[in-house]
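As provided, coords.txt (compact mmCIF, C-alpha atoms) reads as follows.
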```txt
# COMPACT_ATOMS: atom_id res chain seq x y z
CA MET O 1 177.05 73.00 -28.60
CA ALA O 2 178.23 71.39 -25.37
CA PRO O 3 176.34 72.39 -22.22
CA GLN O 4 177.81 75.13 -20.09
CA THR O 5 178.61 74.59 -16.43
CA ASP O 6 177.47 77.57 -14.36
CA ASN O 7 179.11 77.79 -10.92
CA SER O 8 177.93 81.30 -10.12
CA MET O 9 175.03 80.19 -7.91
CA GLY O 10 176.13 76.82 -6.68
CA PRO O 11 178.44 73.88 -7.36
CA GLN O 12 178.36 72.18 -10.77
CA MET O 13 175.04 73.52 -12.04
CA GLU O 14 174.93 72.33 -15.66
CA ARG O 15 172.79 74.39 -18.02
CA ASN O 16 172.38 74.53 -21.76
CA ILE O 17 173.00 78.27 -22.09
CA SER O 18 174.31 78.72 -25.61
CA LYS O 19 173.68 80.43 -28.94
CA LEU O 20 170.57 78.28 -29.15
CA THR O 21 168.93 79.97 -26.16
CA ALA O 22 170.25 83.37 -27.26
CA ASN O 23 168.46 82.87 -30.58
CA THR O 24 165.19 81.87 -28.93
CA VAL O 25 162.10 83.90 -28.08
CA ALA O 26 159.71 82.65 -25.38
CA LEU O 27 155.96 83.24 -25.63
CA VAL O 28 154.12 82.73 -22.35
CA LEU O 29 150.38 82.11 -22.82
CA ALA O 30 148.78 83.86 -19.85
CA GLY O 31 145.32 84.81 -21.06
CA GLY O 32 143.23 82.09 -19.43
CA ARG O 33 140.77 82.54 -16.61
CA GLY O 34 141.22 79.19 -14.89
CA SER O 35 137.52 78.76 -14.11
CA ARG O 36 138.13 75.63 -11.99
CA LEU O 37 139.67 77.93 -9.37
CA LYS O 38 136.18 79.33 -8.86
CA ASP O 39 136.00 82.73 -7.12
CA LEU O 40 139.78 82.91 -6.85
CA THR O 41 139.89 83.98 -10.51
CA ASN O 42 136.86 86.28 -10.55
CA TRP O 43 139.13 89.31 -10.69
CA ARG O 44 142.46 87.96 -11.93
CA ALA O 45 143.79 85.60 -14.58
CA LYS O 46 145.01 82.22 -13.37
CA PRO O 47 148.72 83.03 -13.99
CA ALA O 48 148.35 86.02 -11.65
CA VAL O 49 147.08 83.94 -8.72
CA PRO O 50 149.47 84.22 -5.73
CA PHE O 51 151.51 81.14 -4.87
CA GLY O 52 154.10 80.11 -2.30
CA GLY O 53 153.89 83.06 0.08
CA LYS O 54 155.34 85.77 -2.17
CA PHE O 55 155.15 84.64 -5.80
CA ARG O 56 152.58 84.52 -8.60
CA ILE O 57 152.05 81.34 -10.64
CA ILE O 58 153.53 82.98 -13.74
CA ASP O 59 156.84 83.58 -11.93
CA PHE O 60 157.74 79.90 -12.36
CA PRO O 61 157.78 79.61 -16.17
CA MET O 62 159.23 83.15 -16.35
CA SER O 63 162.05 82.20 -13.96
CA ASN O 64 162.69 79.03 -15.96
CA CYS O 65 163.25 81.23 -19.01
CA ILE O 66 165.72 83.53 -17.24
CA ASN O 67 167.60 80.65 -15.59
CA SER O 68 167.75 78.83 -18.96
CA GLY O 69 169.34 81.83 -20.66
CA ILE O 70 166.22 82.89 -22.59
CA ARG O 71 166.01 86.64 -22.10
CA ARG O 72 163.53 87.64 -24.78
CA ILE O 73 160.09 86.93 -23.34
CA SER O 74 156.63 88.01 -24.46
CA VAL O 75 153.59 87.39 -22.27
CA LEU O 76 150.25 87.07 -24.10
CA THR O 77 147.37 88.26 -21.94
CA GLN O 78 143.60 88.54 -22.32
CA TYR O 79 141.27 87.76 -19.37
CA LYS O 80 141.27 90.39 -16.56
CA SER O 81 144.97 91.02 -16.94
CA HIS O 82 145.45 94.21 -14.91
CA SER O 83 146.99 92.61 -11.81
CA LEU O 84 149.13 90.36 -14.02
CA GLN O 85 150.44 93.29 -16.05
CA ARG O 86 151.12 95.29 -12.91
CA HIS O 87 153.05 92.39 -11.43
CA LEU O 88 155.16 92.01 -14.58
CA GLN O 89 155.90 95.73 -14.70
CA ARG O 90 156.98 95.81 -11.05
CA GLY O 91 158.79 92.51 -10.80
CA TRP O 92 160.21 91.87 -14.25
CA SER O 93 161.52 95.26 -15.35
CA PHE O 94 165.15 94.38 -14.59
CA MET O 95 165.88 93.13 -18.12
CA SER O 96 168.38 95.27 -20.02
CA GLY O 97 166.95 96.56 -23.28
CA GLN O 98 170.31 97.83 -24.44
CA PHE O 99 171.47 94.20 -24.67
CA GLY O 100 168.37 93.05 -26.52
CA GLU O 101 166.70 91.59 -23.41
CA PHE O 102 163.06 92.20 -22.61
CA VAL O 103 159.89 91.06 -20.91
CA GLU O 104 156.92 92.58 -22.71
CA VAL O 105 153.17 92.16 -22.51
CA LEU O 106 151.16 91.42 -25.66
CA PRO O 107 147.48 91.93 -24.80
CA ALA O 108 144.71 90.87 -27.14
CA GLN O 109 144.36 93.90 -29.42
CA GLN O 110 142.67 92.69 -32.64
CA ARG O 111 145.86 92.84 -34.68
CA LYS O 112 144.36 90.40 -37.22
CA GLY O 113 140.72 91.29 -37.87
CA GLU O 114 138.15 92.22 -35.25
CA GLY O 115 138.28 89.14 -33.01
CA TRP O 116 140.02 88.59 -29.71
CA TYR O 117 142.27 85.57 -29.17
CA ALA O 118 140.19 82.59 -30.31
CA GLY O 119 142.60 79.89 -29.07
CA THR O 120 146.21 79.33 -28.12
CA ALA O 121 147.37 79.09 -31.73
CA ASP O 122 145.36 82.15 -32.72
CA ALA O 123 146.96 84.13 -29.88
CA VAL O 124 150.39 83.48 -31.37
CA TYR O 125 149.16 84.01 -34.95
CA GLN O 126 147.85 87.47 -34.09
CA ASN O 127 151.36 88.45 -32.99
CA LEU O 128 153.34 86.95 -35.89
CA ASP O 129 154.48 90.36 -37.09
CA ILE O 130 156.01 91.07 -33.68
CA ILE O 131 157.72 87.67 -33.58
CA ARG O 132 159.09 88.25 -37.09
CA HIS O 133 160.59 91.53 -35.88
CA TYR O 134 162.58 89.64 -33.22
CA ASN O 135 163.90 87.25 -35.90
CA PRO O 136 164.47 84.22 -33.62
CA GLU O 137 165.64 80.84 -34.85
CA TYR O 138 163.43 79.04 -32.33
CA VAL O 139 160.24 79.88 -30.47
CA VAL O 140 159.38 78.34 -27.08
CA ILE O 141 155.68 78.47 -26.27
CA LEU O 142 154.77 78.00 -22.61
CA ALA O 143 151.66 77.76 -20.50
CA GLY O 144 151.79 80.48 -17.87
CA ASP O 145 149.90 78.57 -15.19
CA HIS O 146 152.01 75.60 -14.04
CA ILE O 147 154.41 75.22 -11.11
CA TYR O 148 157.74 73.55 -11.94
CA LYS O 149 161.45 74.07 -12.59
CA MET O 150 162.86 73.19 -15.99
CA ASP O 151 165.91 73.99 -18.11
CA TYR O 152 164.43 74.81 -21.50
CA GLY O 153 167.93 74.93 -22.99
CA LYS O 154 168.14 71.14 -22.87
CA MET O 155 164.83 70.85 -24.69
CA ILE O 156 165.93 73.29 -27.41
CA ALA O 157 169.21 71.37 -27.84
CA ALA O 158 167.28 68.10 -28.26
CA HIS O 159 164.97 69.80 -30.77
CA VAL O 160 167.94 70.85 -32.90
CA ALA O 161 169.75 67.53 -32.56
CA LYS O 162 166.73 65.61 -33.89
CA GLY O 163 166.02 68.04 -36.71
CA ALA O 164 162.53 68.54 -35.30
CA ASP O 165 159.91 70.97 -36.54
CA ILE O 166 158.10 70.84 -33.21
CA THR O 167 159.08 69.35 -29.85
CA VAL O 168 156.52 68.82 -27.09
CA GLY O 169 157.43 68.63 -23.41
CA CYS O 170 155.85 65.57 -21.79
CA ILE O 171 155.44 63.96 -18.40
CA PRO O 172 153.77 60.76 -17.11
CA VAL O 173 150.56 61.44 -15.17
CA PRO O 174 148.16 59.07 -13.40
CA LEU O 175 145.71 57.63 -15.90
CA GLU O 176 142.66 58.99 -14.08
CA GLU O 177 144.09 62.54 -14.32
CA ALA O 178 145.07 62.29 -17.99
CA LYS O 179 141.63 63.34 -19.21
CA ALA O 180 142.62 66.94 -18.44
CA PHE O 181 145.69 66.86 -20.70
CA GLY O 182 146.80 66.18 -24.22
CA VAL O 183 147.85 62.50 -24.28
CA MET O 184 150.45 61.21 -26.73
CA GLY O 185 152.03 58.01 -27.93
CA ILE O 186 155.68 57.86 -29.02
CA ASP O 187 158.02 55.41 -30.71
CA GLY O 188 161.49 54.31 -29.61
CA ASP O 189 163.06 57.49 -30.99
CA SER O 190 160.60 59.73 -29.09
CA ARG O 191 158.79 60.63 -32.30
CA ILE O 192 155.14 61.42 -31.54
CA THR O 193 152.94 58.86 -33.30
CA GLU O 194 149.53 59.84 -31.91
CA PHE O 195 148.00 62.66 -29.92
CA ALA O 196 144.58 63.19 -28.34
CA GLU O 197 143.58 66.41 -26.59
CA LYS O 198 141.74 65.73 -23.30
CA PRO O 199 140.53 62.24 -24.29
CA SER O 200 137.67 60.61 -22.42
CA ASN O 201 139.57 57.29 -22.43
CA PRO O 202 143.31 58.06 -22.28
CA LYS O 203 145.68 55.42 -23.59
CA PRO O 204 148.18 54.22 -20.98
CA ILE O 205 151.92 54.10 -21.48
CA PRO O 206 152.94 50.71 -22.91
CA GLY O 207 154.03 48.53 -20.00
CA ASP O 208 152.40 50.79 -17.38
CA GLU O 209 148.62 50.65 -17.29
CA THR O 210 148.48 53.20 -14.45
CA GLN O 211 149.94 56.19 -16.31
CA ALA O 212 149.59 58.14 -19.54
CA LEU O 213 152.12 60.36 -21.29
CA ALA O 214 150.78 63.92 -21.11
CA SER O 215 151.70 67.15 -22.82
CA MET O 216 152.96 69.84 -20.45
CA GLY O 217 151.88 72.69 -22.73
CA ILE O 218 155.54 73.37 -23.55
CA TYR O 219 156.42 73.55 -27.25
CA VAL O 220 159.61 74.32 -29.15
CA PHE O 221 159.08 75.35 -32.76
CA SER O 222 161.49 76.13 -35.54
CA LYS O 223 160.61 79.66 -36.61
CA GLN O 224 159.61 79.10 -40.22
CA TYR O 225 157.60 75.97 -39.49
CA LEU O 226 155.63 77.79 -36.78
CA ARG O 227 154.84 80.68 -39.11
CA ASP O 228 153.73 78.42 -41.96
CA GLN O 229 151.46 76.35 -39.72
CA LEU O 230 149.85 79.34 -38.05
CA VAL O 231 149.10 81.00 -41.38
CA ALA O 232 147.56 77.78 -42.71
CA ASP O 233 145.56 77.25 -39.52
CA ALA O 234 144.20 80.80 -39.57
CA ILE O 235 142.38 80.22 -42.87
CA ASN O 236 141.12 76.77 -41.91
CA LYS O 237 137.47 77.35 -41.01
CA ALA O 238 137.21 73.91 -39.43
CA SER O 239 140.01 74.61 -36.95
CA THR O 240 139.56 75.62 -33.31
CA HIS O 241 142.91 77.43 -33.60
CA ASP O 242 144.41 75.56 -30.67
CA PHE O 243 147.82 73.91 -30.43
CA GLY O 244 146.53 70.76 -28.74
CA HIS O 245 143.41 70.29 -30.84
CA ASP O 246 144.78 71.32 -34.22
CA LEU O 247 148.47 72.09 -34.76
CA ILE O 248 150.03 69.15 -32.94
CA PRO O 249 147.81 66.45 -34.55
CA HIS O 250 148.54 67.99 -37.96
CA SER O 251 152.29 68.09 -37.25
CA ILE O 252 152.35 64.41 -36.31
CA LYS O 253 151.11 63.49 -39.78
CA HIS O 254 153.03 66.03 -41.86
CA ALA O 255 156.22 67.03 -40.00
CA ASN O 256 158.93 65.96 -37.58
CA ALA O 257 157.21 66.03 -34.20
CA PHE O 258 159.10 64.73 -31.16
CA ALA O 259 158.47 64.44 -27.44
CA PHE O 260 160.92 65.67 -24.80
CA PRO O 261 160.68 64.11 -21.33
CA PHE O 262 160.44 66.58 -18.49
CA MET O 263 162.95 64.64 -16.42
CA ALA O 264 165.68 65.32 -19.00
CA GLY O 265 165.38 69.06 -18.36
CA ASN O 266 164.23 68.90 -14.75
CA THR O 267 166.20 70.91 -12.20
CA SER O 268 164.46 69.43 -9.13
CA ALA O 269 165.37 66.03 -7.76
CA SER O 270 161.72 65.10 -7.24
CA GLY O 271 160.57 65.83 -10.79
CA TYR O 272 158.05 68.29 -9.42
CA TRP O 273 155.36 69.61 -11.82
CA ARG O 274 151.88 70.73 -10.82
CA ASP O 275 148.83 72.04 -12.59
CA VAL O 276 147.24 73.99 -9.72
CA GLY O 277 144.00 74.39 -11.66
CA THR O 278 141.53 73.38 -8.92
CA ILE O 279 141.03 74.64 -5.39
CA ASP O 280 142.13 71.28 -3.98
CA ALA O 281 145.29 71.18 -6.13
CA TYR O 282 146.09 74.82 -5.34
CA TRP O 283 145.66 74.32 -1.59
CA GLU O 284 147.68 71.11 -1.58
CA ALA O 285 150.61 72.57 -3.56
CA ASN O 286 150.84 75.53 -1.20
CA ILE O 287 150.39 73.52 2.01
CA ASN O 288 153.04 70.99 0.93
CA LEU O 289 155.58 73.84 1.11
CA CYS O 290 155.14 73.70 4.89
CA ASP O 291 156.48 70.14 5.04
CA ILE O 292 159.92 69.53 6.54
CA ALA O 293 161.33 68.50 3.14
CA PRO O 294 158.87 69.75 0.48
CA GLU O 295 159.08 68.40 -3.05
CA LEU O 296 159.34 71.95 -4.38
CA ASN O 297 162.45 73.59 -2.95
CA LEU O 298 162.03 77.36 -2.82
CA TYR O 299 165.39 77.71 -1.08
CA ASP O 300 167.39 76.40 -4.05
CA LYS O 301 170.01 79.04 -4.89
CA ASN O 302 170.94 77.19 -8.07
CA TRP O 303 167.53 77.83 -9.64
CA PRO O 304 165.99 80.90 -8.01
CA ILE O 305 162.39 81.96 -8.57
CA TRP O 306 162.26 85.64 -9.45
CA THR O 307 159.36 87.90 -8.52
CA HIS O 308 158.31 91.38 -7.44
CA GLN O 309 159.84 92.15 -4.03
CA GLU O 310 157.66 94.38 -1.87
CA GLN O 311 159.43 96.63 0.61
CA LEU O 312 158.03 95.19 3.83
CA PRO O 313 159.22 94.89 7.45
CA PRO O 314 159.98 91.44 8.88
CA ALA O 315 157.16 89.25 10.16
CA LYS O 316 156.42 89.92 13.82
CA PHE O 317 155.14 87.58 16.56
CA ALA O 318 153.83 89.31 19.68
CA PHE O 319 152.94 88.24 23.27
CA ASP O 320 154.26 85.28 25.22
CA ASP O 321 151.64 84.64 27.88
CA ASP O 322 150.12 81.23 28.58
CA GLU O 323 146.71 82.44 27.38
CA ARG O 324 147.99 84.55 24.53
CA ARG O 325 151.13 83.56 22.65
CA GLY O 326 151.99 84.62 19.11
CA HIS O 327 153.74 81.74 17.35
CA ALA O 328 153.90 79.71 14.12
CA ILE O 329 154.66 75.99 13.82
CA ASP O 330 155.59 74.20 10.55
CA SER O 331 154.48 77.29 8.65
CA LEU O 332 155.70 79.86 6.13
CA VAL O 333 155.12 83.46 7.21
CA SER O 334 155.95 86.25 4.77
CA GLY O 335 157.17 89.78 5.33
CA GLY O 336 154.84 92.37 6.82
CA CYS O 337 152.81 89.81 8.79
CA LEU O 338 151.68 90.49 12.36
CA VAL O 339 150.82 87.44 14.48
CA THR O 340 149.71 88.78 17.85
CA GLY O 341 148.77 86.29 20.53
CA SER O 342 147.58 83.69 18.02
CA THR O 343 148.67 80.28 16.77
CA ILE O 344 149.59 79.48 13.16
CA ARG O 345 150.00 75.75 12.53
CA HIS O 346 151.03 74.11 9.23
CA SER O 347 149.86 77.10 7.23
CA LEU O 348 151.14 79.59 4.70
CA LEU O 349 150.73 83.32 5.24
CA PHE O 350 151.36 85.68 2.33
CA SER O 351 152.56 89.26 2.79
CA SER O 352 150.99 91.68 5.28
CA VAL O 353 148.55 89.26 6.91
CA ARG O 354 147.29 90.28 10.36
CA VAL O 355 146.13 87.60 12.82
CA HIS O 356 144.69 88.88 16.11
CA SER O 357 144.78 87.33 19.59
CA HIS O 358 143.18 84.03 20.61
CA THR O 359 142.86 82.88 17.00
CA LEU O 360 143.92 79.50 15.60
CA VAL O 361 144.86 79.05 11.92
CA GLU O 362 145.54 75.46 10.81
CA ASP O 363 146.30 73.91 7.41
CA SER O 364 145.32 77.10 5.63
CA VAL O 365 146.55 79.33 2.81
CA ILE O 366 146.08 83.01 3.64
CA LEU O 367 146.64 85.42 0.74
CA PRO O 368 148.04 88.96 1.09
CA ASP O 369 146.47 91.69 3.22
CA VAL O 370 144.00 89.39 4.98
CA GLU O 371 142.96 90.35 8.50
CA ILE O 372 141.71 87.63 10.87
CA ARG O 373 140.24 89.18 13.98
CA HIS O 374 140.03 87.91 17.56
CA ASN O 375 138.78 84.48 18.66
CA CYS O 376 138.56 82.82 15.25
CA ARG O 377 139.21 79.22 14.25
CA ILE O 378 140.29 78.74 10.64
CA LYS O 379 141.01 75.24 9.29
CA ARG O 380 141.68 73.89 5.77
CA CYS O 381 140.90 77.20 4.10
CA VAL O 382 142.07 79.33 1.21
CA ILE O 383 141.32 82.96 2.10
CA ASP O 384 141.56 85.43 -0.76
CA LYS O 385 143.40 88.73 -0.71
CA SER O 386 142.13 91.58 1.51
CA THR O 387 139.40 89.53 3.20
CA ILE O 388 138.51 90.65 6.73
CA ILE O 389 137.42 87.71 8.89
CA PRO O 390 135.05 89.01 11.61
CA GLU O 391 135.67 88.31 15.29
CA GLY O 392 134.58 84.88 16.48
CA THR O 393 134.31 83.34 13.01
CA VAL O 394 134.72 79.55 12.71
CA ILE O 395 135.48 78.10 9.27
CA GLY O 396 136.45 74.56 8.32
CA GLU O 397 134.76 72.60 11.08
CA ASP O 398 131.22 72.20 9.72
CA PRO O 399 131.03 71.63 5.92
CA VAL O 400 127.25 72.09 5.84
CA GLU O 401 127.38 75.48 7.51
CA ASP O 402 130.44 76.50 5.47
CA ALA O 403 128.65 75.69 2.22
CA LYS O 404 125.91 78.20 3.09
CA ARG O 405 128.37 81.11 2.95
CA PHE O 406 131.50 79.94 1.14
CA HIS O 407 132.68 77.61 -1.63
CA VAL O 408 133.55 74.12 -0.36
CA SER O 409 135.63 72.01 -2.77
CA GLU O 410 135.25 68.30 -3.45
CA GLY O 411 138.15 67.69 -1.08
CA GLY O 412 136.61 69.78 1.68
CA ILE O 413 138.76 72.90 1.27
CA VAL O 414 136.88 76.12 2.00
CA LEU O 415 137.46 79.07 -0.32
CA VAL O 416 136.69 82.45 1.26
CA THR O 417 136.65 85.77 -0.60
CA PRO O 418 135.80 89.32 0.54
CA GLU O 419 132.54 89.26 -1.42
CA MET O 420 131.34 86.28 0.60
CA PHE O 421 131.37 88.56 3.66
CA GLY O 422 129.74 91.41 1.76
CA GLN O 423 133.08 93.19 1.44
CA ASN O 424 132.80 94.40 -2.15
CA MET O 425 136.45 95.21 -2.83
CA HIS O 426 135.95 95.62 -6.57
CA GLU O 427 132.99 97.99 -6.58
CA ALA O 428 133.05 101.76 -6.44
```
Starting from the file, give its structure as structure tokens.
Amino acid sequence: MAPQTDNSMGPQMERNISKLTANTVALVLAGGRGSRLKDLTNWRAKPAVPFGGKFRIIDFPMSNCINSGIRRISVLTQYKSHSLQRHLQRGWSFMSGQFGEFVEVLPAQQRKGEGWYAGTADAVYQNLDIIRHYNPEYVVILAGDHIYKMDYGKMIAAHVAKGADITVGCIPVPLEEAKAFGVMGIDGDSRITEFAEKPSNPKPIPGDETQALASMGIYVFSKQYLRDQLVADAINKASTHDFGHDLIPHSIKHANAFAFPFMAGNTSASGYWRDVGTIDAYWEANINLCDIAPELNLYDKNWPIWTHQEQLPPAKFAFDDDERRGHAIDSLVSGGCLVTGSTIRHSLLFSSVRVHSHTLVEDSVILPDVEIRHNCRIKRCVIDKSTIIPEGTVIGEDPVEDAKRFHVSEGGIVLVTPEMFGQNMHEA
């Protein structure tokens, strides 16, 4: 089917919204902890980590589904999923059930035997009866922890056009970073000829020794093929029950497995895609939003990012004296924030942050409900939700001293949580 031009949110926005997307179910894998984010995921799953001033990481793949015309979405959860489930209930309840649209949560519930989800493939296998009830023609399986914009409709159309059993979204990544991804080789028709999950020595792209072709954790399956492979994998005692380790390598040898380049479905001019799986990557992706022309455009009306909208007053900046002026420079400041007689420079403040007088915040990511009291200096920090920074605190100037109280990343970013100040937010 020819792509549909959608002019409702901007000029000449071409999308592949068709019967193909209407007959597709999306499964968002959101059960992982994300241990490389250290204390930031002690009490929440990685997809629930706040991002961009008002969003959660999971809002990006979820929004891609809605904007692509996929309106049947199941989110598979497991690790400390309460805040994630609450966010989905509050922010994603606008789907109309009477038209067959839904966003639903599928927690690990021992539907097949007594085990929890043992891997990404097992997570889907344990919900096969629910998927069968939806009776889709195609199933899109997505990682719930990446930041990007993509029209999945174009990928589904390519899957159908090639007669594929499985199609894998792919993107070039620097060779030194490829060890963290599934790395593939393809032929001239984009058929996948080899695949290695997190190889110690990634193979570069032919003709470019600096990059490797990596899986994005985005898969399109034909319904029956997915079911058959999951059933066979479930009884294979040698399997780790993981898409990257098991199903994709098997499909390369025994089925029609193709790669789909991210750029072909990309809705952002820069080809932006980030795995914000480390403190350094998380800080950098957020701070880059403060640039004059950031690679990730959150102001794009053609491809909006949907989320839960808190009912908050506007941000307020108070005092205009030479010794005490409330102002923000090259920064993003969310609703409900109070900046009183302090300076915010090249930083991102999430909702309801309070910064008191004579304080300087630079190059920092401040999560919701943080309070920074008088006479503080905060530089190159990520401060977790609800932390209270005591008066006169200095963070980010002395790595040795910081390391005694906080987590300091390889890149020198300081992660601060309430527990590091003895503020036990999660204890009775």
> Could you name the residues that touch region 388-403 of chain O at 6 Å or less, counting all atoms listed in the file, but leaving out those on the same chain fewer than 3 positions away, as a ChimeraX atom specification?
Replying inline: /O:370-380,406-408
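Proximity of O:Ala123, O:Ala315, O:Val276, O:Leu349 to Ser331 (chain O), computed with all atoms listed in the file, is greatest for O:Leu349.
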Q | O:Ser347, O:Asn201, O:Ser68, O:Thr167 ranked by distance to Asn256 (chain O), top pick (using only C-alpha atoms) | A |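 Closest to Asn256 (chain O), using only C-alpha atoms: O:Thr167.
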For Thr417 (chain O), work out the shell of residues within 7 Å, counting all atoms listed in the file and skipping chain neighbours fewer than 4 positions away, then give it as a PyMOL selection string. chain O and resi 383-384+387
Min atom-atom distance to Leu37 (chain O) from the set O:Phe421, O:Trp283, O:Trp306, O:Phe350, counting all atoms listed in the file, belongs to O:Trp283
From CA of Ser215 (chain O) to CA of Lys179 (chain O) the spacing works out at 11.4 Å
Since the input is missing atoms for region 78-85 of chain O, could you rebuild it with all heavy atoms and give the result as a CSV table (one decimal), keeping the file's coordinate frame?
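Everything below was put into result.csv:
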```csv
chain,number,residue,atom,x,y,z
O,78,GLN,N,144.9,88.2,-21.8
O,78,GLN,CA,143.6,88.5,-22.3
O,78,GLN,C,142.6,88.7,-21.1
O,78,GLN,O,142.2,89.8,-20.9
O,78,GLN,CB,143.1,87.4,-23.3
O,78,GLN,CG,141.7,87.7,-23.8
O,78,GLN,CD,141.4,87.0,-25.1
O,78,GLN,OE1,141.8,87.4,-26.2
O,78,GLN,NE2,140.8,85.8,-25.0
O,79,TYR,N,142.3,87.7,-20.4
O,79,TYR,CA,141.3,87.8,-19.4
O,79,TYR,C,141.8,88.6,-18.2
O,79,TYR,O,142.8,88.2,-17.6
O,79,TYR,CB,140.9,86.3,-18.9
O,79,TYR,CG,140.0,86.3,-17.7
O,79,TYR,CD1,138.6,86.5,-17.9
O,79,TYR,CD2,140.5,86.1,-16.5
O,79,TYR,CE1,137.7,86.5,-16.8
O,79,TYR,CE2,139.6,86.0,-15.4
O,79,TYR,CZ,138.3,86.2,-15.5
O,79,TYR,OH,137.4,86.2,-14.4
O,80,LYS,N,141.0,89.6,-17.8
O,80,LYS,CA,141.3,90.4,-16.6
O,80,LYS,C,142.7,90.4,-16.2
O,80,LYS,O,143.2,89.9,-15.1
O,80,LYS,CB,140.4,89.8,-15.4
O,80,LYS,CG,138.9,90.0,-15.7
O,80,LYS,CD,138.0,89.7,-14.5
O,80,LYS,CE,136.6,89.9,-14.9
O,80,LYS,NZ,135.6,89.5,-13.8
O,81,SER,N,143.5,91.1,-17.0
O,81,SER,CA,145.0,91.0,-16.9
O,81,SER,C,145.6,92.1,-16.2
O,81,SER,O,146.8,92.2,-16.1
O,81,SER,CB,145.5,91.0,-18.4
O,81,SER,OG,145.2,92.2,-19.1
O,82,HIS,N,144.8,93.0,-15.5
O,82,HIS,CA,145.4,94.2,-14.9
O,82,HIS,C,146.5,93.8,-13.8
O,82,HIS,O,147.6,94.3,-13.8
O,82,HIS,CB,144.4,95.1,-14.3
O,82,HIS,CG,145.0,96.3,-13.5
O,82,HIS,ND1,145.6,97.3,-14.1
O,82,HIS,CD2,145.0,96.5,-12.2
O,82,HIS,CE1,146.0,98.2,-13.2
O,82,HIS,NE2,145.7,97.7,-12.0
O,83,SER,N,146.1,93.0,-12.9
O,83,SER,CA,147.0,92.6,-11.8
O,83,SER,C,148.2,91.9,-12.3
O,83,SER,O,149.3,92.0,-11.8
O,83,SER,CB,146.3,91.8,-10.7
O,83,SER,OG,145.9,90.5,-11.2
O,84,LEU,N,148.0,91.1,-13.4
O,84,LEU,CA,149.1,90.4,-14.0
O,84,LEU,C,150.1,91.3,-14.7
O,84,LEU,O,151.3,91.3,-14.5
O,84,LEU,CB,148.6,89.4,-15.1
O,84,LEU,CG,149.6,88.6,-15.9
O,84,LEU,CD1,150.5,87.8,-14.9
O,84,LEU,CD2,149.0,87.7,-16.9
O,85,GLN,N,149.6,92.3,-15.4
O,85,GLN,CA,150.4,93.3,-16.0
O,85,GLN,C,151.2,94.1,-15.0
O,85,GLN,O,152.4,94.4,-15.2
O,85,GLN,CB,149.6,94.2,-17.0
O,85,GLN,CG,149.0,93.4,-18.2
O,85,GLN,CD,148.3,94.3,-19.1
O,85,GLN,OE1,148.8,95.4,-19.4
O,85,GLN,NE2,147.1,93.9,-19.6
```
